[in-house]
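To keep things clear, I will list the structure first and then write my remarks on it.
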Amino acid sequence: MKVLVAVKRVVDHNVRVRPSLDGTGVETAGVKMSMNPFDENAVEEALRLREAGIATEVVVVSIGGAVAQDVLRHALAMGVDRALLVESTEVLQPLGVAKLLHAVVGREQPQLVILGKQAIDNDAGQVGPMLAGLLNWPQGTFLSALTVSGTRMQVTREIEGGTDSLAIDLPAVVTADLRLNAPRFVKLPNLMQAKKKPIETLAAATLGVDAAPRLKVLRVSEPPARKAGIRVGSVAELVQKLKDEAGVLQ
């Protein structure tokens with residue numbers, strides 16, 4: 001079974017994100033970038049399937065400029081078999097990414113596609129479900145557990161207030177939650193070796209996909225600063241202020 005894993009290059013989760021000066025996005029110049037954390041869980045799960053003898057090949061794909069090679073090399077250092085970069089300098093939105101991945105799936109013919117449940121730069125969580133819809137494949141989102149048996153999978157989904165268990169036929173698309181696994185630590189020698197490994201590059205324009213944006217970002221700005229709180233002397237005073245000032249109690 002071939003497993004395809006999609007990864008995205010995002011601002012590192014330890015960095016405080018700031019709007020760009022022109023207000024069209026977030027500042028990325030001189031900012032540490034890394035693999036989206038949920039995508040790292042997806043890579044780890046694919047590797048565990050290969051180590052269990054279920055998967056025979058793990059291919060990782062990223063979409064973006066040449067700078068995205070760093071997250072692909074991180075995946076290679078983790079132990080994936082091949083890396084593919086769909087090179088594009090365009091601003092891509094979830095639907096465009098899903099269409100490009102749909103073309104990659106047609107090219108690679110995997111039996112399982114794993115993505116992170118969402119990217120921390122926009123928190124949309126749309127690419128996985130959109131890709132499943134384009135492929136007309138079953139899907140399992142927000143996974144905290146995954147077991148493959150033959151041509152079926154048993155998955156556990158994180159939902160509000162608990163979990164949901166599903167049986168899914170392969171081929172399928174699934175998205176990884178943080179509780180799915182703990183990604184392995186990548187050692188420096190593995191990172192150095194990954195720098196020498198080849199990365200296949202494919203121009204997005206050659207896939208014949210209309211990935212043009214459907215949405216327009218008007219402005220990105222900091223949220224308004226929160227007002228300082230006050231201390232009240234009693235419950236009665238709190239109730240009175242909720243009535244008079246906050247308008248909560250009527």
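Ordering of the structure tokens sets the chain letters (A, B, ...), residue numbers begin anew at 1 in every chain, and ligands are numbered from 1 in the order given.
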Next item on the list: List the neighbours of segment 18-24 of chain A out to 10 Å using only C-alpha atoms; skip same-chain residues closer than 3 positions along the sequence, and give me the result as a ChimeraX atom specification.
Entry: /A:15,27-29,216-222
Can you write out the residues you just picked, keeping N, CA and C atoms, as a PDB file, in the first residue's frame?
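Writing done, so here's again_15.pdb:
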ATOM      1  N   VAL A  15       6.618  30.993  17.194  1.00  0.00           N
ATOM      2  CA  VAL A  15       6.782  32.393  16.796  1.00  0.00           C
ATOM      3  C   VAL A  15       5.443  33.124  16.914  1.00  0.00           C
ATOM      4  N   GLU A  27       3.558  38.560   8.461  1.00  0.00           N
ATOM      5  CA  GLU A  27       4.961  38.782   8.159  1.00  0.00           C
ATOM      6  C   GLU A  27       5.725  37.455   8.173  1.00  0.00           C
ATOM      7  N   THR A  28       6.401  37.157   7.073  1.00  0.00           N
ATOM      8  CA  THR A  28       7.186  35.921   6.990  1.00  0.00           C
ATOM      9  C   THR A  28       8.666  36.198   6.751  1.00  0.00           C
ATOM     10  N   ALA A  29       9.024  37.451   6.395  1.00  0.00           N
ATOM     11  CA  ALA A  29      10.424  37.777   6.136  1.00  0.00           C
ATOM     12  C   ALA A  29      11.231  37.684   7.439  1.00  0.00           C
ATOM     13  N   LYS A 216     -11.113  36.817  -1.519  1.00  0.00           N
ATOM     14  CA  LYS A 216     -10.221  37.970  -1.481  1.00  0.00           C
ATOM     15  C   LYS A 216     -10.031  38.408  -0.037  1.00  0.00           C
ATOM     16  N   VAL A 217      -8.775  38.487   0.386  1.00  0.00           N
ATOM     17  CA  VAL A 217      -8.465  38.966   1.741  1.00  0.00           C
ATOM     18  C   VAL A 217      -8.459  40.488   1.707  1.00  0.00           C
ATOM     19  N   LEU A 218      -9.346  41.092   2.498  1.00  0.00           N
ATOM     20  CA  LEU A 218      -9.421  42.543   2.526  1.00  0.00           C
ATOM     21  C   LEU A 218      -8.338  43.151   3.398  1.00  0.00           C
ATOM     22  N   ARG A 219      -8.154  42.590   4.590  1.00  0.00           N
ATOM     23  CA  ARG A 219      -7.122  43.119   5.478  1.00  0.00           C
ATOM     24  C   ARG A 219      -6.853  42.148   6.616  1.00  0.00           C
ATOM     25  N   VAL A 220      -5.595  42.069   7.013  1.00  0.00           N
ATOM     26  CA  VAL A 220      -5.189  41.287   8.175  1.00  0.00           C
ATOM     27  C   VAL A 220      -4.653  42.253   9.222  1.00  0.00           C
ATOM     28  N   SER A 221      -5.192  42.189  10.415  1.00  0.00           N
ATOM     29  CA  SER A 221      -4.776  43.124  11.464  1.00  0.00           C
ATOM     30  C   SER A 221      -4.780  42.442  12.821  1.00  0.00           C
ATOM     31  N   GLU A 222      -4.121  43.063  13.772  1.00  0.00           N
ATOM     32  CA  GLU A 222      -4.103  42.557  15.139  1.00  0.00           C
ATOM     33  C   GLU A 222      -5.503  42.674  15.741  1.00  0.00           C
TER      34      GLU A 222
END
Next item on the list: Find the residues near Ser144 of chain A: any atom within 6 Å, counting only C-alpha atoms, skip ones fewer than 5 places away on the same chain, and give them as number ranges by chain.
Entry: A: 156-157, 177, 179-180
The selected residues should be written to file as a short mmCIF file (atom, residue, chain, number, x, y, z; two decimals), in the first residue's frame (atoms: C-alpha atoms).
data_model
loop_
_atom_site.label_atom_id
_atom_site.label_comp_id
_atom_site.auth_asym_id
_atom_site.auth_seq_id
_atom_site.Cartn_x
_atom_site.Cartn_y
_atom_site.Cartn_z
CA THR A 156 -11.31 7.20 16.00
CA ARG A 157 -12.27 10.83 15.47
CA ASP A 177 -4.99 15.33 15.12
CA ARG A 179 -3.32 12.99 19.77
CA LEU A 180 -2.83 10.52 16.92
#
Note to self: Let's see if you can do this: from backbone DSSP, list all alpha helix (DSSP H) residues in segment 40-201 of chain A, as an NGL selection string.
What the structure shows: :A and (40-51 or 69-78 or 94-108 or 127-135 or 188-194)
Go ahead and save the picked residues with N, CA and C atoms, as a short mmCIF file (atom, residue, chain, number, x, y, z; two decimals), in the first residue's frame.
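To be explicit, this is the file written out as out_19.cif:
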data_model
loop_
_atom_site.label_atom_id
_atom_site.label_comp_id
_atom_site.auth_asym_id
_atom_site.auth_seq_id
_atom_site.Cartn_x
_atom_site.Cartn_y
_atom_site.Cartn_z
N GLU A 40 3.18 16.94 10.69
CA GLU A 40 4.22 16.09 11.25
C GLU A 40 3.61 14.82 11.86
N ASN A 41 2.43 14.97 12.48
CA ASN A 41 1.72 13.79 12.97
C ASN A 41 1.31 12.88 11.81
N ALA A 42 0.93 13.49 10.69
CA ALA A 42 0.54 12.71 9.52
C ALA A 42 1.73 11.91 8.98
N VAL A 43 2.89 12.55 8.90
CA VAL A 43 4.10 11.84 8.44
C VAL A 43 4.43 10.70 9.39
N GLU A 44 4.38 10.97 10.68
CA GLU A 44 4.70 9.94 11.67
C GLU A 44 3.77 8.73 11.54
N GLU A 45 2.49 8.97 11.33
CA GLU A 45 1.54 7.86 11.21
C GLU A 45 1.82 7.03 9.97
N ALA A 46 2.17 7.69 8.87
CA ALA A 46 2.51 6.95 7.65
C ALA A 46 3.75 6.09 7.86
N LEU A 47 4.74 6.63 8.57
CA LEU A 47 5.95 5.86 8.84
C LEU A 47 5.66 4.66 9.73
N ARG A 48 4.76 4.83 10.69
CA ARG A 48 4.40 3.72 11.56
C ARG A 48 3.67 2.62 10.78
N LEU A 49 2.87 3.02 9.81
CA LEU A 49 2.21 2.02 8.96
C LEU A 49 3.23 1.24 8.14
N ARG A 50 4.25 1.94 7.66
CA ARG A 50 5.29 1.24 6.90
C ARG A 50 6.09 0.32 7.81
N GLU A 51 6.42 0.77 8.99
CA GLU A 51 7.18 -0.05 9.93
C GLU A 51 6.39 -1.28 10.39
N GLN A 69 11.29 23.22 0.18
CA GLN A 69 12.13 22.03 0.22
C GLN A 69 12.59 21.72 1.64
N ASP A 70 12.65 22.74 2.52
CA ASP A 70 13.14 22.48 3.88
C ASP A 70 12.19 21.55 4.64
N VAL A 71 10.88 21.70 4.47
CA VAL A 71 9.96 20.80 5.18
C VAL A 71 9.97 19.41 4.54
N LEU A 72 10.22 19.34 3.24
CA LEU A 72 10.34 18.04 2.59
C LEU A 72 11.59 17.31 3.08
N ARG A 73 12.66 18.05 3.28
CA ARG A 73 13.89 17.43 3.78
C ARG A 73 13.72 16.99 5.23
N HIS A 74 12.92 17.72 5.99
CA HIS A 74 12.61 17.27 7.35
C HIS A 74 11.86 15.94 7.31
N ALA A 75 10.93 15.82 6.38
CA ALA A 75 10.19 14.57 6.23
C ALA A 75 11.12 13.44 5.78
N LEU A 76 12.06 13.74 4.88
CA LEU A 76 13.04 12.75 4.45
C LEU A 76 13.91 12.31 5.63
N ALA A 77 14.25 13.27 6.49
CA ALA A 77 15.04 12.94 7.68
C ALA A 77 14.25 12.07 8.64
N MET A 78 12.93 12.24 8.65
CA MET A 78 12.10 11.38 9.50
C MET A 78 12.06 9.95 8.97
N PRO A 94 -7.44 26.91 0.05
CA PRO A 94 -7.71 25.48 0.24
C PRO A 94 -8.23 24.74 -0.98
N LEU A 95 -9.17 25.32 -1.72
CA LEU A 95 -9.70 24.63 -2.89
C LEU A 95 -8.62 24.42 -3.95
N GLY A 96 -7.78 25.44 -4.17
CA GLY A 96 -6.70 25.30 -5.14
C GLY A 96 -5.71 24.23 -4.73
N VAL A 97 -5.39 24.18 -3.42
CA VAL A 97 -4.48 23.15 -2.92
C VAL A 97 -5.10 21.76 -3.11
N ALA A 98 -6.39 21.64 -2.79
CA ALA A 98 -7.07 20.35 -2.94
C ALA A 98 -7.07 19.89 -4.40
N LYS A 99 -7.26 20.82 -5.34
CA LYS A 99 -7.24 20.46 -6.76
C LYS A 99 -5.86 19.98 -7.20
N LEU A 100 -4.82 20.67 -6.72
CA LEU A 100 -3.46 20.26 -7.08
C LEU A 100 -3.14 18.89 -6.47
N LEU A 101 -3.56 18.66 -5.23
CA LEU A 101 -3.34 17.36 -4.61
C LEU A 101 -4.13 16.27 -5.32
N HIS A 102 -5.31 16.63 -5.81
CA HIS A 102 -6.11 15.67 -6.58
C HIS A 102 -5.34 15.21 -7.81
N ALA A 103 -4.66 16.16 -8.46
CA ALA A 103 -3.86 15.80 -9.64
C ALA A 103 -2.67 14.93 -9.23
N VAL A 104 -2.07 15.22 -8.08
CA VAL A 104 -0.93 14.42 -7.60
C VAL A 104 -1.39 13.00 -7.27
N VAL A 105 -2.56 12.87 -6.66
CA VAL A 105 -3.10 11.54 -6.35
C VAL A 105 -3.30 10.75 -7.64
N GLY A 106 -3.82 11.40 -8.66
CA GLY A 106 -3.98 10.72 -9.95
C GLY A 106 -2.66 10.26 -10.52
N ARG A 107 -1.61 10.99 -10.25
CA ARG A 107 -0.28 10.66 -10.76
C ARG A 107 0.38 9.55 -9.94
N GLU A 108 0.22 9.60 -8.61
CA GLU A 108 0.92 8.67 -7.72
C GLU A 108 0.12 7.40 -7.42
N VAL A 127 -8.76 21.45 3.37
CA VAL A 127 -8.12 20.75 2.25
C VAL A 127 -8.44 19.26 2.27
N GLY A 128 -8.35 18.62 3.43
CA GLY A 128 -8.64 17.19 3.51
C GLY A 128 -10.04 16.84 3.03
N PRO A 129 -11.08 17.45 3.61
CA PRO A 129 -12.44 17.16 3.13
C PRO A 129 -12.67 17.51 1.67
N MET A 130 -12.09 18.63 1.21
CA MET A 130 -12.24 19.00 -0.20
C MET A 130 -11.59 17.97 -1.11
N LEU A 131 -10.39 17.49 -0.73
CA LEU A 131 -9.72 16.48 -1.53
C LEU A 131 -10.53 15.20 -1.59
N ALA A 132 -11.08 14.78 -0.45
CA ALA A 132 -11.92 13.58 -0.43
C ALA A 132 -13.13 13.75 -1.34
N GLY A 133 -13.71 14.95 -1.34
CA GLY A 133 -14.85 15.21 -2.21
C GLY A 133 -14.49 15.15 -3.68
N LEU A 134 -13.33 15.71 -4.05
CA LEU A 134 -12.90 15.68 -5.44
C LEU A 134 -12.59 14.26 -5.90
N LEU A 135 -12.04 13.45 -4.99
CA LEU A 135 -11.71 12.07 -5.33
C LEU A 135 -12.91 11.14 -5.23
N LEU A 188 20.42 14.96 14.10
CA LEU A 188 21.22 15.79 13.19
C LEU A 188 21.81 14.98 12.04
N PRO A 189 22.38 13.79 12.27
CA PRO A 189 22.93 13.01 11.13
C PRO A 189 21.86 12.72 10.07
N ASN A 190 20.62 12.47 10.51
CA ASN A 190 19.55 12.21 9.54
C ASN A 190 19.23 13.46 8.74
N LEU A 191 19.27 14.61 9.40
CA LEU A 191 19.03 15.88 8.68
C LEU A 191 20.13 16.13 7.66
N MET A 192 21.37 15.83 8.02
CA MET A 192 22.48 16.04 7.09
C MET A 192 22.36 15.10 5.89
N GLN A 193 21.96 13.85 6.14
CA GLN A 193 21.78 12.90 5.05
C GLN A 193 20.63 13.31 4.14
N ALA A 194 19.57 13.89 4.74
CA ALA A 194 18.41 14.30 3.95
C ALA A 194 18.75 15.41 2.97
#
Margin query: Which residue is closest to Ser149 of chain A? Choose from A:Asp12, A:Gly53, A:Asp121, A:Glu245 and count only C-alpha atoms.
Written below: A:Gly53
Check: Between A:Lys196, A:Ser62, A:Leu84, A:Ala119, which has the minimum distance to Val11 of chain A (counting only C-alpha atoms)?
Finding: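 Closest candidate: A:Ala119.
Remark: for Val173 of chain A, the closest of the candidate residues A:Leu4, A:Ala55, A:Ala228, A:Leu238 is A:Leu4 (distances computed over only C-alpha atoms).
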Note to self: I want to know what sits within 9 Å of Leu202 of chain A, based on only C-alpha atoms, with residues of the same chain fewer than 2 positions away left out; could you give that as number ranges by chain?
What the structure shows: A: 84-87, 200, 204-207
Dump of C-alpha atoms for the selected residues, as a PDB file, in the first residue's frame:
ATOM      1  CA  LEU A  84       7.711  15.691  -4.282  1.00  0.00           C
ATOM      2  CA  LEU A  85       7.487  19.476  -4.574  1.00  0.00           C
ATOM      3  CA  VAL A  86       4.667  20.937  -6.641  1.00  0.00           C
ATOM      4  CA  GLU A  87       6.277  24.276  -7.392  1.00  0.00           C
ATOM      5  CA  GLU A 200      11.325  15.597  -7.390  1.00  0.00           C
ATOM      6  CA  ALA A 204       1.979  23.294 -10.844  1.00  0.00           C
ATOM      7  CA  ALA A 205       1.170  24.736 -14.281  1.00  0.00           C
ATOM      8  CA  THR A 206       1.805  21.346 -15.903  1.00  0.00           C
ATOM      9  CA  LEU A 207      -1.001  19.701 -13.914  1.00  0.00           C
TER      10      LEU A 207
END
Notebook entry, point to check: In Å, with one decimal, what is the gap from atom CA of Ile63 of chain A to atom CA of Lys8 of chain A?
Noted result: 7.1 Å
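Residue-level DSSP output for segment 77-151 of chain A, from the backbone, shows strand (DSSP E or B) at Arg82, Ala83, Leu84, Leu85, Val86, Glu87, Leu112, Val113, Ile114, Leu115, Gly116, Gln139, Gly140, Thr141, Phe142, Leu143, Ser144, Ala145, Leu146, Thr147, Val148 and Ser149 of chain A.
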Atoms to include: N, CA and C atoms. Write the selected residues as a CSV table (one decimal), in the first residue's frame.
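Writing the result to selection.csv gives the following:
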chain,number,residue,atom,x,y,z
A,82,ARG,N,10.1,9.0,-0.5
A,82,ARG,CA,10.3,10.0,-1.6
A,82,ARG,C,9.7,11.3,-1.2
A,83,ALA,N,10.2,12.4,-1.9
A,83,ALA,CA,9.6,13.7,-1.6
A,83,ALA,C,9.3,14.4,-3.0
A,84,LEU,N,8.2,15.0,-3.1
A,84,LEU,CA,7.7,15.7,-4.3
A,84,LEU,C,7.3,17.1,-4.0
A,85,LEU,N,7.9,18.1,-4.7
A,85,LEU,CA,7.5,19.5,-4.6
A,85,LEU,C,6.7,19.9,-5.8
A,86,VAL,N,5.5,20.3,-5.6
A,86,VAL,CA,4.7,20.9,-6.6
A,86,VAL,C,4.9,22.4,-6.6
A,87,GLU,N,5.8,22.9,-7.5
A,87,GLU,CA,6.3,24.3,-7.4
A,87,GLU,C,5.3,25.3,-7.9
A,112,LEU,N,-3.9,5.5,0.3
A,112,LEU,CA,-4.2,6.3,1.5
A,112,LEU,C,-3.6,7.6,1.4
A,113,VAL,N,-4.3,8.7,1.7
A,113,VAL,CA,-3.8,10.0,1.8
A,113,VAL,C,-4.0,10.5,3.2
A,114,ILE,N,-2.9,11.0,3.8
A,114,ILE,CA,-2.9,11.5,5.1
A,114,ILE,C,-2.5,13.0,5.1
A,115,LEU,N,-3.3,13.9,5.8
A,115,LEU,CA,-3.0,15.3,5.9
A,115,LEU,C,-3.1,15.6,7.4
A,116,GLY,N,-2.5,16.8,7.8
A,116,GLY,CA,-2.8,17.3,9.1
A,116,GLY,C,-4.3,17.8,9.1
A,139,GLN,N,-13.7,9.5,3.9
A,139,GLN,CA,-12.8,10.3,4.7
A,139,GLN,C,-13.0,10.1,6.2
A,140,GLY,N,-11.9,10.4,6.9
A,140,GLY,CA,-11.9,10.4,8.4
A,140,GLY,C,-11.1,11.6,8.8
A,141,THR,N,-11.8,12.5,9.6
A,141,THR,CA,-11.1,13.7,10.0
A,141,THR,C,-10.8,13.7,11.5
A,142,PHE,N,-9.8,14.6,11.9
A,142,PHE,CA,-9.5,14.8,13.3
A,142,PHE,C,-9.2,13.5,14.0
A,143,LEU,N,-8.3,12.6,13.4
A,143,LEU,CA,-8.1,11.3,13.9
A,143,LEU,C,-7.2,11.3,15.1
A,144,SER,N,-7.6,10.5,16.1
A,144,SER,CA,-6.7,10.2,17.3
A,144,SER,C,-6.3,8.8,17.3
A,145,ALA,N,-6.8,7.9,16.4
A,145,ALA,CA,-6.4,6.5,16.3
A,145,ALA,C,-6.7,6.0,15.0
A,146,LEU,N,-5.9,5.1,14.5
A,146,LEU,CA,-6.0,4.6,13.1
A,146,LEU,C,-5.5,3.1,13.1
A,147,THR,N,-6.3,2.2,12.6
A,147,THR,CA,-5.9,0.8,12.4
A,147,THR,C,-6.3,0.4,11.1
A,148,VAL,N,-5.4,-0.2,10.3
A,148,VAL,CA,-5.6,-0.7,9.0
A,148,VAL,C,-5.7,-2.3,9.0
A,149,SER,N,-6.7,-2.8,8.4
A,149,SER,CA,-6.8,-4.3,8.3
A,149,SER,C,-7.3,-4.6,6.9
Next item on the list: Calculate how many Å separate atom CA of Leu178 of chain A from atom CA of Thr151 of chain A, rounding to one decimal.
Entry: 25.0 Å
Checklist line | Pairwise distance for atom CA of Gly162 of chain A and atom CA of Asn14 of chain A, rounded to one decimal in Å | finding: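 Value for the atom CA of Gly162 of chain A-atom CA of Asn14 of chain A distance: 28.3 Å.
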Checklist line | His13 of chain A surroundings by only C-alpha atoms, 12 Å radius, close-in-sequence under 6 positions cut, as a VMD selection string | finding: chain A and resid 31 to 38 119 to 121
Check: So, counting only C-alpha atoms, which residue among A:Gly161, A:Val80, A:Thr89, A:Val3 is closest to Val67 of chain A?
Finding: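 Nearest to Val67 of chain A: A:Thr89.
Remark: for Ala211 of chain A, the closest of the candidate residues A:Ala68, A:Arg231, A:Thr56, A:Glu90 is A:Glu90 (distances computed over only C-alpha atoms).
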